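**Q** Next up, work_31.csv (CSV, C-alpha atoms and all ligand atoms).
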chain,number,residue,atom,x,y,z
A,1021,MET,CA,92.7,126.8,118.8
A,1022,THR,CA,95.2,129.1,116.9
A,1023,LYS,CA,94.4,129.4,113.2
A,1024,LYS,CA,97.2,127.9,111.1
A,1025,THR,CA,98.0,127.3,107.5
A,1026,PHE,CA,98.6,123.8,106.3
A,1027,LEU,CA,99.9,122.4,103.0
A,1028,VAL,CA,98.1,119.1,102.2
A,1029,THR,CA,99.9,117.2,99.4
A,1030,GLY,CA,97.6,114.8,97.8
A,1031,GLY,CA,94.7,116.8,99.2
A,1032,ALA,CA,92.4,116.1,96.2
A,1033,GLY,CA,92.6,112.4,96.9
A,1034,PHE,CA,90.5,110.2,99.1
A,1035,ILE,CA,92.0,110.7,102.6
A,1036,GLY,CA,93.5,114.1,101.7
A,1037,SER,CA,90.2,115.7,100.7
A,1038,ASN,CA,88.5,114.3,103.9
A,1039,LEU,CA,91.4,115.8,105.8
A,1040,VAL,CA,91.0,119.2,104.0
A,1041,ASP,CA,87.3,119.2,105.1
A,1042,ALA,CA,88.2,118.6,108.7
A,1043,LEU,CA,91.0,121.2,108.7
A,1044,LEU,CA,88.8,123.9,107.3
A,1045,LEU,CA,86.0,123.0,109.7
A,1046,ALA,CA,88.6,123.5,112.5
A,1047,ASN,CA,89.1,127.0,111.1
A,1048,HIS,CA,92.5,126.5,109.6
A,1049,ARG,CA,93.7,127.7,106.2
A,1050,VAL,CA,94.6,125.0,103.7
A,1051,VAL,CA,96.7,124.9,100.5
A,1052,VAL,CA,96.4,121.7,98.5
A,1053,LEU,CA,99.1,120.5,96.1
A,1054,ASP,CA,97.9,117.7,93.9
A,1055,ASP,CA,98.7,116.7,90.3
A,1056,LEU,CA,95.2,115.3,89.9
A,1057,SER,CA,96.6,112.0,88.5
A,1058,VAL,CA,94.1,110.2,90.8
A,1059,GLY,CA,92.6,113.0,92.9
A,1060,LYS,CA,89.6,114.9,91.6
A,1061,ARG,CA,88.4,118.5,91.5
A,1062,ALA,CA,85.0,117.2,92.7
A,1063,ASN,CA,86.6,116.3,96.0
A,1064,PHE,CA,87.2,120.0,96.8
A,1065,ALA,CA,84.7,121.8,94.6
A,1066,HIS,CA,82.7,122.8,97.7
A,1067,HIS,CA,85.6,124.8,99.0
A,1068,ILE,CA,86.5,126.8,95.9
A,1069,SER,CA,84.9,130.0,97.1
A,1070,ASN,CA,86.3,129.7,100.6
A,1071,PRO,CA,89.1,132.3,101.1
A,1072,ASP,CA,90.8,129.9,103.5
A,1073,PHE,CA,91.3,127.3,100.7
A,1074,GLU,CA,93.7,127.3,97.8
A,1075,PHE,CA,94.4,124.6,95.2
A,1076,ILE,CA,97.6,124.3,93.3
A,1077,GLN,CA,97.8,121.7,90.5
A,1078,GLY,CA,101.4,120.4,90.5
A,1079,SER,CA,103.6,117.6,91.4
A,1080,VAL,CA,105.7,116.9,94.5
A,1081,LEU,CA,108.4,116.0,92.0
A,1082,ASP,CA,108.6,119.7,91.2
A,1083,MET,CA,111.0,121.0,93.8
A,1084,SER,CA,110.4,124.7,93.0
A,1085,VAL,CA,106.7,124.4,93.7
A,1086,VAL,CA,107.2,122.3,96.8
A,1087,ASP,CA,109.8,124.8,98.1
A,1088,ARG,CA,107.6,127.8,97.5
A,1089,LEU,CA,104.5,126.2,99.1
A,1090,VAL,CA,106.3,124.8,102.2
A,1091,ALA,CA,107.9,128.2,102.8
A,1092,ALA,CA,104.4,129.8,103.1
A,1093,VAL,CA,102.7,127.4,105.6
A,1094,ASP,CA,103.0,126.4,109.3
A,1095,GLY,CA,102.9,122.6,108.7
A,1096,VAL,CA,102.7,120.0,106.0
A,1097,TYR,CA,100.5,116.9,105.7
A,1098,HIS,CA,102.3,114.8,103.1
A,1099,LEU,CA,99.8,112.4,101.6
A,1100,ALA,CA,100.6,112.6,97.9
A,1101,ALA,CA,101.7,109.3,96.6
A,1102,VAL,CA,101.1,106.7,94.0
A,1103,VAL,CA,98.9,104.5,96.1
A,1104,GLY,CA,98.1,100.9,96.5
A,1105,VAL,CA,99.7,97.6,95.6
A,1106,THR,CA,97.7,97.0,92.5
A,1107,TYR,CA,98.5,100.4,91.0
A,1108,VAL,CA,102.2,100.2,91.8
A,1109,VAL,CA,102.4,96.7,90.4
A,1110,GLN,CA,101.0,98.1,87.1
A,1111,ASN,CA,103.2,101.3,87.2
A,1112,PRO,CA,106.3,100.3,89.2
A,1113,LEU,CA,108.6,103.0,87.9
A,1114,HIS,CA,106.3,105.9,88.3
A,1115,GLY,CA,105.2,104.6,91.7
A,1116,ILE,CA,108.7,104.2,93.1
A,1117,LEU,CA,109.8,107.6,91.8
A,1118,VAL,CA,106.9,109.6,93.2
A,1119,ASN,CA,106.9,107.8,96.5
A,1120,SER,CA,110.6,108.2,97.1
A,1121,LYS,CA,111.8,111.3,95.3
A,1122,GLY,CA,108.5,113.3,96.0
A,1123,THR,CA,108.8,112.6,99.7
A,1124,GLU,CA,112.5,113.5,99.6
A,1125,ASN,CA,111.5,116.9,98.2
A,1126,VAL,CA,108.9,117.5,100.8
A,1127,PHE,CA,111.3,116.6,103.7
A,1128,ALA,CA,114.1,118.8,102.2
A,1129,ALA,CA,111.8,121.8,102.0
A,1130,ALA,CA,110.4,121.2,105.5
A,1131,HIS,CA,113.9,121.0,106.8
A,1132,LYS,CA,115.0,124.2,105.0
A,1133,TYR,CA,112.0,126.2,106.5
A,1134,ARG,CA,111.8,124.2,109.8
A,1135,ARG,CA,108.2,123.1,109.2
A,1136,LYS,CA,106.5,120.2,110.9
A,1137,VAL,CA,105.7,117.3,108.6
A,1138,LEU,CA,103.1,114.6,109.0
A,1139,PHE,CA,104.1,111.7,106.7
A,1140,ALA,CA,101.4,109.2,105.5
A,1141,SER,CA,102.9,105.7,105.5
A,1142,THR,CA,101.1,102.4,105.4
A,1143,SER,CA,100.4,99.1,107.1
A,1144,GLU,CA,102.1,97.5,104.1
A,1145,ILE,CA,105.3,98.4,106.0
A,1146,PHE,CA,104.8,95.2,108.0
A,1147,GLY,CA,105.0,93.2,104.7
A,1148,LYS,CA,104.3,89.6,105.2
A,1149,SER,CA,105.0,89.5,108.9
A,1150,THR,CA,102.9,87.0,110.8
A,1151,GLN,CA,103.4,88.6,114.2
A,1152,VAL,CA,99.9,90.1,114.6
A,1153,PRO,CA,98.8,92.4,116.0
A,1154,PHE,CA,101.5,94.7,114.4
A,1155,LYS,CA,103.3,97.0,116.9
A,1156,GLU,CA,105.0,100.0,115.4
A,1157,THR,CA,108.4,98.6,116.5
A,1158,ASP,CA,107.9,95.2,114.9
A,1159,ASN,CA,109.9,93.9,112.0
A,1160,SER,CA,109.1,94.6,108.4
A,1161,VAL,CA,109.2,91.4,106.4
A,1162,PHE,CA,109.4,91.9,102.7
A,1163,GLY,CA,109.7,89.4,99.9
A,1164,PRO,CA,112.5,89.4,97.2
A,1165,THR,CA,112.9,92.6,95.1
A,1166,SER,CA,112.0,90.5,92.0
A,1167,VAL,CA,108.4,90.6,93.3
A,1168,PRO,CA,106.9,94.0,92.2
A,1169,ARG,CA,104.3,93.9,95.0
A,1170,TRP,CA,106.9,95.0,97.6
A,1171,ALA,CA,107.9,98.2,95.7
A,1172,TYR,CA,105.1,100.2,97.4
A,1173,ALA,CA,106.1,99.1,100.9
A,1174,LEU,CA,109.8,99.4,100.2
A,1175,ALA,CA,109.5,103.0,99.0
A,1176,LYS,CA,107.4,103.9,102.0
A,1177,ALA,CA,109.9,102.2,104.3
A,1178,LEU,CA,112.7,104.3,102.8
A,1179,ASP,CA,110.6,107.4,103.3
A,1180,GLU,CA,110.1,106.5,107.0
A,1181,GLN,CA,113.9,106.0,107.3
A,1182,LEU,CA,114.4,109.4,105.8
A,1183,ALA,CA,111.9,110.9,108.2
A,1184,PHE,CA,113.6,109.5,111.2
A,1185,ALA,CA,117.1,110.4,109.9
A,1186,TYR,CA,115.9,114.0,109.5
A,1187,TYR,CA,114.5,113.9,113.0
A,1188,ARG,CA,117.6,112.4,114.7
A,1189,GLN,CA,120.2,114.3,112.7
A,1190,GLU,CA,118.6,117.6,112.0
A,1191,GLY,CA,115.8,117.9,114.6
A,1192,LEU,CA,113.1,118.1,111.9
A,1193,PRO,CA,109.7,117.8,113.7
A,1194,VAL,CA,108.2,114.9,111.8
A,1195,THR,CA,105.6,112.2,112.7
A,1196,VAL,CA,104.9,109.1,110.7
A,1197,ILE,CA,101.4,107.5,110.6
A,1198,ARG,CA,100.6,104.2,109.1
A,1199,TYR,CA,97.1,103.9,107.8
A,1200,PHE,CA,95.3,100.5,108.0
A,1201,ASN,CA,92.9,100.2,105.1
A,1202,ALA,CA,90.9,103.5,105.2
A,1203,TYR,CA,87.5,103.5,103.5
A,1204,GLY,CA,84.6,105.9,103.3
A,1205,PRO,CA,83.1,108.6,101.1
A,1206,ARG,CA,85.4,109.6,98.1
A,1207,LEU,CA,87.0,106.2,97.9
A,1208,ASP,CA,88.0,105.9,94.3
A,1209,PRO,CA,85.4,103.6,92.6
A,1210,ARG,CA,88.1,102.2,90.4
A,1211,GLY,CA,89.2,100.5,93.6
A,1212,TYR,CA,93.0,100.7,93.2
A,1213,GLY,CA,94.0,98.6,96.2
A,1214,SER,CA,90.7,99.0,98.0
A,1215,VAL,CA,88.7,95.8,98.3
A,1216,ILE,CA,85.8,97.8,99.8
A,1217,ALA,CA,85.6,100.1,96.8
A,1218,ARG,CA,85.8,97.1,94.5
A,1219,PHE,CA,83.1,95.1,96.3
A,1220,ILE,CA,80.7,98.1,96.5
A,1221,THR,CA,81.2,98.9,92.8
A,1222,GLN,CA,80.5,95.3,91.8
A,1223,ALA,CA,77.5,95.1,94.1
A,1224,LEU,CA,75.9,98.3,92.9
A,1225,ALA,CA,76.4,97.1,89.3
A,1226,GLY,CA,74.6,93.8,90.2
A,1227,GLN,CA,77.8,91.8,89.5
A,1228,PRO,CA,79.2,89.0,91.6
A,1229,LEU,CA,81.6,90.0,94.3
A,1230,THR,CA,85.0,88.6,93.5
A,1231,VAL,CA,87.0,87.4,96.5
A,1232,TYR,CA,90.7,86.6,95.9
A,1233,GLY,CA,91.9,83.2,97.2
A,1234,ASP,CA,90.0,81.4,99.9
A,1235,GLY,CA,88.8,84.7,101.5
A,1236,GLN,CA,90.2,83.8,104.9
A,1237,GLN,CA,92.9,86.5,104.7
A,1238,THR,CA,92.0,89.3,107.2
A,1239,ARG,CA,92.2,93.1,107.3
A,1240,SER,CA,91.1,95.8,109.6
A,1241,PHE,CA,89.2,98.6,108.0
A,1242,THR,CA,89.2,102.2,109.3
A,1243,PHE,CA,86.5,104.6,108.5
A,1244,VAL,CA,88.1,107.7,106.9
A,1245,LYS,CA,86.7,110.1,109.6
A,1246,ASP,CA,88.6,108.1,112.2
A,1247,SER,CA,91.8,108.1,109.9
A,1248,VAL,CA,91.5,111.9,109.6
A,1249,ARG,CA,91.1,112.4,113.4
A,1250,GLY,CA,94.2,110.3,114.0
A,1251,THR,CA,96.1,112.2,111.3
A,1252,MET,CA,95.3,115.6,112.9
A,1253,ALA,CA,96.1,114.3,116.4
A,1254,ALA,CA,99.5,113.2,115.1
A,1255,MET,CA,100.2,116.8,113.8
A,1256,ASP,CA,98.9,118.3,117.1
A,1257,PHE,CA,100.8,116.2,119.7
A,1258,CYS,CA,104.5,117.1,119.8
A,1259,ARG,CA,105.2,114.0,121.9
A,1260,GLY,CA,104.7,111.9,118.8
A,1261,GLU,CA,107.5,113.6,116.8
A,1262,GLY,CA,110.2,111.1,115.7
A,1263,MET,CA,107.8,108.2,116.0
A,1264,ALA,CA,105.5,106.1,113.9
A,1265,PHE,CA,101.8,105.4,114.8
A,1266,ASN,CA,99.4,102.8,113.6
A,1267,ILE,CA,96.2,104.6,112.6
A,1268,GLY,CA,93.7,101.8,112.4
A,1269,ASN,CA,90.7,100.1,113.7
A,1270,PRO,CA,91.5,96.9,115.7
A,1271,GLU,CA,88.3,95.2,114.4
A,1272,GLU,CA,89.7,92.2,112.3
A,1273,VAL,CA,87.5,90.8,109.5
A,1274,THR,CA,88.1,88.2,106.8
A,1275,ILE,CA,87.6,89.3,103.2
A,1276,ALA,CA,84.9,86.6,102.9
A,1277,THR,CA,83.0,88.2,105.8
A,1278,LEU,CA,83.5,91.6,104.3
A,1279,ALA,CA,82.0,90.4,101.0
A,1280,HIS,CA,79.1,88.9,102.9
A,1281,HIS,CA,78.4,92.2,104.8
A,1282,ILE,CA,78.4,94.2,101.5
A,1283,GLN,CA,76.2,91.6,99.8
A,1284,GLN,CA,73.7,91.8,102.7
A,1285,LEU,CA,73.7,95.6,102.8
A,1286,VAL,CA,73.3,96.0,99.0
A,1287,ASN,CA,71.4,93.0,97.7
A,1288,PRO,CA,71.4,89.6,99.5
A,1289,ASP,CA,70.8,87.9,96.1
A,1290,LEU,CA,74.2,88.8,94.8
A,1291,GLU,CA,76.7,86.0,94.1
A,1292,ILE,CA,80.1,85.8,95.8
A,1293,VAL,CA,82.8,84.1,93.7
A,1294,HIS,CA,86.4,83.2,94.5
A,1295,ILE,CA,89.2,83.8,92.0
A,1296,PRO,CA,92.9,82.9,92.3
A,1297,TYR,CA,95.3,85.6,93.3
A,1298,GLU,CA,97.3,84.9,90.1
A,1299,GLN,CA,94.3,85.9,88.0
A,1300,ALA,CA,94.0,89.2,89.8
A,1301,TYR,CA,97.7,90.2,90.3
A,1302,GLY,CA,99.6,88.0,87.8
A,1303,LYS,CA,102.4,85.6,88.7
A,1304,ASN,CA,104.8,86.2,91.6
A,1305,PHE,CA,102.2,87.7,93.9
A,1306,GLU,CA,102.7,87.3,97.6
A,1307,GLU,CA,99.8,88.0,100.0
A,1308,THR,CA,99.7,89.1,103.6
A,1309,ARG,CA,97.5,86.7,105.4
A,1310,ARG,CA,96.5,88.8,108.4
A,1311,ARG,CA,96.8,92.5,109.0
A,1312,LEU,CA,95.8,93.9,112.3
A,1313,PRO,CA,97.2,97.0,114.1
A,1314,ASP,CA,98.2,97.2,117.7
A,1315,VAL,CA,96.7,100.5,118.6
A,1316,SER,CA,98.0,101.0,122.1
A,1317,ARG,CA,100.7,103.5,121.2
A,1318,ALA,CA,98.3,105.8,119.3
A,1319,ALA,CA,95.8,105.6,122.2
A,1320,GLU,CA,98.5,106.3,124.8
A,1321,ILE,CA,100.4,109.1,123.1
A,1322,LEU,CA,97.9,110.7,120.7
A,1323,ASP,CA,94.8,109.9,122.6
A,1324,PHE,CA,93.4,108.4,119.4
A,1325,ARG,CA,91.1,105.4,119.1
A,1326,ALA,CA,89.0,104.5,116.0
A,1327,THR,CA,85.3,104.6,117.0
A,1328,VAL,CA,83.2,103.8,113.8
A,1329,PRO,CA,82.1,100.2,113.6
A,1330,LEU,CA,82.6,98.5,110.3
A,1331,ILE,CA,78.9,98.0,109.5
A,1332,GLU,CA,78.1,101.6,110.2
A,1333,GLY,CA,81.0,102.8,108.1
A,1334,LEU,CA,80.0,100.5,105.2
A,1335,GLN,CA,76.4,101.9,105.3
A,1336,TRP,CA,77.7,105.5,104.9
A,1337,THR,CA,80.1,104.4,102.2
A,1338,ILE,CA,77.5,102.5,100.2
A,1339,SER,CA,75.2,105.5,100.5
A,1340,TRP,CA,77.9,107.8,99.2
A,1341,PHE,CA,78.7,105.4,96.2
A,1342,LYS,CA,75.0,105.3,95.4
A,1343,ASP,CA,74.8,109.2,95.2
A,1344,ASN,CA,78.2,109.9,93.6
A,1345,CYS,CA,79.3,107.0,91.3
B,1401,LIG,N1,93.7,104.6,101.7
B,1401,LIG,C1,94.4,103.8,102.5
B,1401,LIG,O1,93.9,102.9,103.1
B,1401,LIG,C2,95.9,104.0,102.7
B,1401,LIG,C3,96.5,103.0,103.4
B,1401,LIG,C4,97.9,103.2,103.7
B,1401,LIG,C5,98.5,104.4,103.3
B,1401,LIG,N2,97.9,105.3,102.6
B,1401,LIG,C6,98.6,106.5,102.2
B,1401,LIG,O2,97.8,107.7,102.5
B,1401,LIG,C7,98.0,108.6,101.5
B,1401,LIG,C8,96.7,109.0,100.8
B,1401,LIG,O3,96.1,107.9,100.2
B,1401,LIG,P1,94.7,107.9,99.5
B,1401,LIG,O4,94.1,106.6,99.8
B,1401,LIG,O5,94.0,109.1,99.9
B,1401,LIG,O6,95.1,107.8,98.0
B,1401,LIG,P2,94.7,108.8,96.8
B,1401,LIG,O7,95.3,108.1,95.6
B,1401,LIG,O8,93.2,109.0,96.8
B,1401,LIG,O9,95.4,110.1,97.1
B,1401,LIG,C9,96.7,110.4,96.7
B,1401,LIG,C10,96.7,111.7,96.0
B,1401,LIG,O10,98.1,112.0,95.6
B,1401,LIG,C11,98.0,112.6,94.3
B,1401,LIG,N3,99.3,112.5,93.7
B,1401,LIG,C12,99.8,111.4,93.1
B,1401,LIG,N4,101.1,111.6,92.6
B,1401,LIG,C13,101.3,112.9,92.9
B,1401,LIG,C14,102.4,113.8,92.6
B,1401,LIG,N5,103.5,113.4,91.9
B,1401,LIG,N6,102.3,115.1,93.0
B,1401,LIG,C15,101.1,115.6,93.7
B,1401,LIG,N7,100.1,114.8,93.9
B,1401,LIG,C16,100.2,113.5,93.5
B,1401,LIG,C17,96.9,111.9,93.6
B,1401,LIG,O11,96.3,112.7,92.5
B,1401,LIG,C18,95.9,111.7,94.8
B,1401,LIG,O12,95.0,112.8,94.8
B,1401,LIG,C19,99.0,108.1,100.5
B,1401,LIG,O13,100.3,108.5,100.9
B,1401,LIG,C20,98.9,106.6,100.8
B,1401,LIG,O14,100.2,105.9,100.5
B,1401,LIG,C21,96.5,105.2,102.3
Once more with this new file: its structure as structure tokens, please.
**A**
Amino acid sequence: MTKKTFLVTGGAGFIGSNLVDALLLANHRVVVLDDLSVGKRANFAHHISNPDFEFIQGSVLDMSVVDRLVAAVDGVYHLAAVVGVTYVVQNPLHGILVNSKGTENVFAAAHKYRRKVLFASTSEIFGKSTQVPFKETDNSVFGPTSVPRWAYALAKALDEQLAFAYYRQEGLPVTVIRYFNAYGPRLDPRGYGSVIARFITQALAGQPLTVYGDGQQTRSFTFVKDSVRGTMAAMDFCRGEGMAFNIGNPEEVTIATLAHHIQQLVNPDLEIVHIPYEQAYGKNFEETRRRLPDVSRAAEILDFRATVPLIEGLQWTISWFKDNC
């Protein structure tokens, strides 16, 4: 494989730093741009003496930095974002600005220098659609704009529209991937938006696992090594340009079952309690009942399928939390 140089925005974060590991392992050069608002130096400390690795602390909102870095690389993995529904509900203004304006900057620079971009979108794009499993071409169903919960998905939806507009109008090589609940080593223990991080943190502290609502809502969880493989495949396969891909594991699980698995893996004596959504997210919260990817397009075009079963991924994740948190 030809050695290339990639910019990874958000490369000090959870998925980004796992992606950096995989790119360096594949013998590429990597430049990370991250403002360290959430990302951590510890996530890339093991690469600091590697001549193929460079870290720049800065923001995707700073167009001069984005322009300079994009000009110097072969392709861009754009993962920097204010992530997760909980965080964006708490910081709506900052979240909307970074997730819209920051992405606009990255696309503008990629267009200027004709660089391929891989844009990290989200399964939140499907909103409260009930048409599971979600195909990439299915409708997005959002609630009213008075409900802050939808700000994250709406900003990412605008980003996707911008990606496809650049592709159609200007021929920018861009591929959109929609992650479905990635989890694994380096998941932020504060658990912004990640129910797995929250449950593991609670379990290791000997606290009850708090399930929101009746726990019958479902998600599909994707081990981060699978998410990263799908991400790199989307960059590599030109056939995917101008398209969106679900990068997820089609194993559907209720949140109550997830809590049970983590309880059994950490300590079967732990309590599992249910609390109302309102207590967790405040008034006006709207929940997505089921979220399951249709993975046929990614399999057909990117030759990507998630392979790590949930229990195995949870064991690795719990073990990482024990050693690092
Ligand atoms: N983790 C998931 O399950 C999931 C699901 C759907 C979509 N995504 C998307 O994948 C991407 C990576 O998510 P993650 O889970 O690794 O989250 P993360 O918070 O760990 O990573 C995001 C990184 O972006 C950085 N960042 C934030 N604002 C920035 C700015 N203005 N300039 C530069 N860097 C900035 C943060 O410091 C962090 O390191 C995001 O775009 C997110 O929306 C993730």
**Q** Distance cut-off 12 Å, centre (100.0, 99.8, 91.1) in file coordinates, counting all atoms listed in the file: which residues qualify? Return them as a list of chain:residue names.
**A** A:Val1058, A:Ala1101, A:Val1102, A:Val1103, A:Gly1104, A:Val1105, A:Thr1106, A:Tyr1107, A:Val1108, A:Val1109, A:Gln1110, A:Asn1111, A:Pro1112, A:Leu1113, A:His1114, A:Gly1115, A:Ile1116, A:Asn1119, A:Pro1168, A:Arg1169, A:Trp1170, A:Ala1171, A:Tyr1172, A:Ala1173, A:Gly1211, A:Tyr1212, A:Gly1213, A:Ser1214, A:Tyr1301
**Q** Within 12 Å of Asn1344 of chain A, counting all atoms listed in the file, which residues show up once you throw out same-chain ones fewer than 3 positions away? Write them as a list in words, please.
**A**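 Result of the neighbour search: Ala1062, Asn1063, Pro1205, Arg1206, Leu1207, Asp1208, Pro1209, Thr1221, Leu1224, Thr1337, Ile1338, Ser1339, Trp1340 and Phe1341 of chain A.
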**Q** Of the residues A:Val1167, A:Ala1183, A:Ala1276, A:Ala1046, which is the one nearest to Thr1022 of chain A, using all atoms listed in the file?
**A**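 Looking at the shortest contact to Thr1022 of chain A, the residue is A:Ala1046.
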**Q** Against ligand LIG 1401 (chain B), which residues of chain A fall within 7 Å? For each one I want the closest pair of atoms and the distance in Å (one decimal), counting only C-alpha atoms and all ligand atoms, rows by chain and increasing residue number, as CSV.
**A**
residue,atom,partner,partner_atom,distance
A:Thr1029,CA,B:LIG1401,N7,6.0
A:Gly1030,CA,B:LIG1401,O10,3.6
A:Gly1031,CA,B:LIG1401,O12,6.0
A:Ala1032,CA,B:LIG1401,O12,4.4
A:Gly1033,CA,B:LIG1401,O12,3.2
A:Phe1034,CA,B:LIG1401,O8,3.7
A:Ile1035,CA,B:LIG1401,O5,3.7
A:Gly1036,CA,B:LIG1401,O5,5.3
A:Leu1053,CA,B:LIG1401,C15,5.8
A:Asp1054,CA,B:LIG1401,N7,3.6
A:Asp1055,CA,B:LIG1401,C15,4.3
A:Leu1056,CA,B:LIG1401,O11,3.8
A:Ser1057,CA,B:LIG1401,O11,4.1
A:Val1058,CA,B:LIG1401,O11,3.7
A:Gly1059,CA,B:LIG1401,O12,3.1
A:Lys1060,CA,B:LIG1401,O12,6.6
A:Gly1078,CA,B:LIG1401,C15,5.8
A:Ser1079,CA,B:LIG1401,N6,3.2
A:Val1080,CA,B:LIG1401,N6,4.1
A:Leu1081,CA,B:LIG1401,N5,5.5
A:His1098,CA,B:LIG1401,O13,7.0
A:Leu1099,CA,B:LIG1401,O13,4.0
A:Ala1100,CA,B:LIG1401,O10,3.4
A:Ala1101,CA,B:LIG1401,C12,4.5
A:Val1102,CA,B:LIG1401,C12,5.0
A:Val1103,CA,B:LIG1401,O14,4.8
A:Gly1104,CA,B:LIG1401,O14,6.7
A:Val1118,CA,B:LIG1401,N5,5.3
A:Gly1122,CA,B:LIG1401,N5,6.5
A:Ala1140,CA,B:LIG1401,O13,4.8
A:Ser1141,CA,B:LIG1401,C5,5.1
A:Thr1142,CA,B:LIG1401,C4,3.7
A:Ser1143,CA,B:LIG1401,C4,5.9
A:Arg1198,CA,B:LIG1401,C4,6.1
A:Tyr1199,CA,B:LIG1401,C4,4.2
A:Phe1200,CA,B:LIG1401,C3,5.4
A:Asn1201,CA,B:LIG1401,O1,3.5
A:Ala1202,CA,B:LIG1401,O1,3.7
A:Tyr1203,CA,B:LIG1401,O1,6.4
A:Leu1207,CA,B:LIG1401,O8,6.9
A:Asp1208,CA,B:LIG1401,O8,6.5
**Q** Show which residues sit within 8 Å of Arg1310 of chain A, as a compact mmCIF listing (two decimals) with C-alpha atoms, keeping the file's coordinate frame. Count all atoms listed in the file, and ignore same-chain residues fewer than 3 positions away.
**A**
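Heads up, here's the output in around-v3.txt:
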# COMPACT_ATOMS: atom_id res chain seq x y z
CA THR A 1150 102.90 87.00 110.80
CA VAL A 1152 99.90 90.10 114.60
CA GLN A 1237 92.90 86.50 104.70
CA THR A 1238 92.00 89.30 107.20
CA ARG A 1239 92.20 93.10 107.30
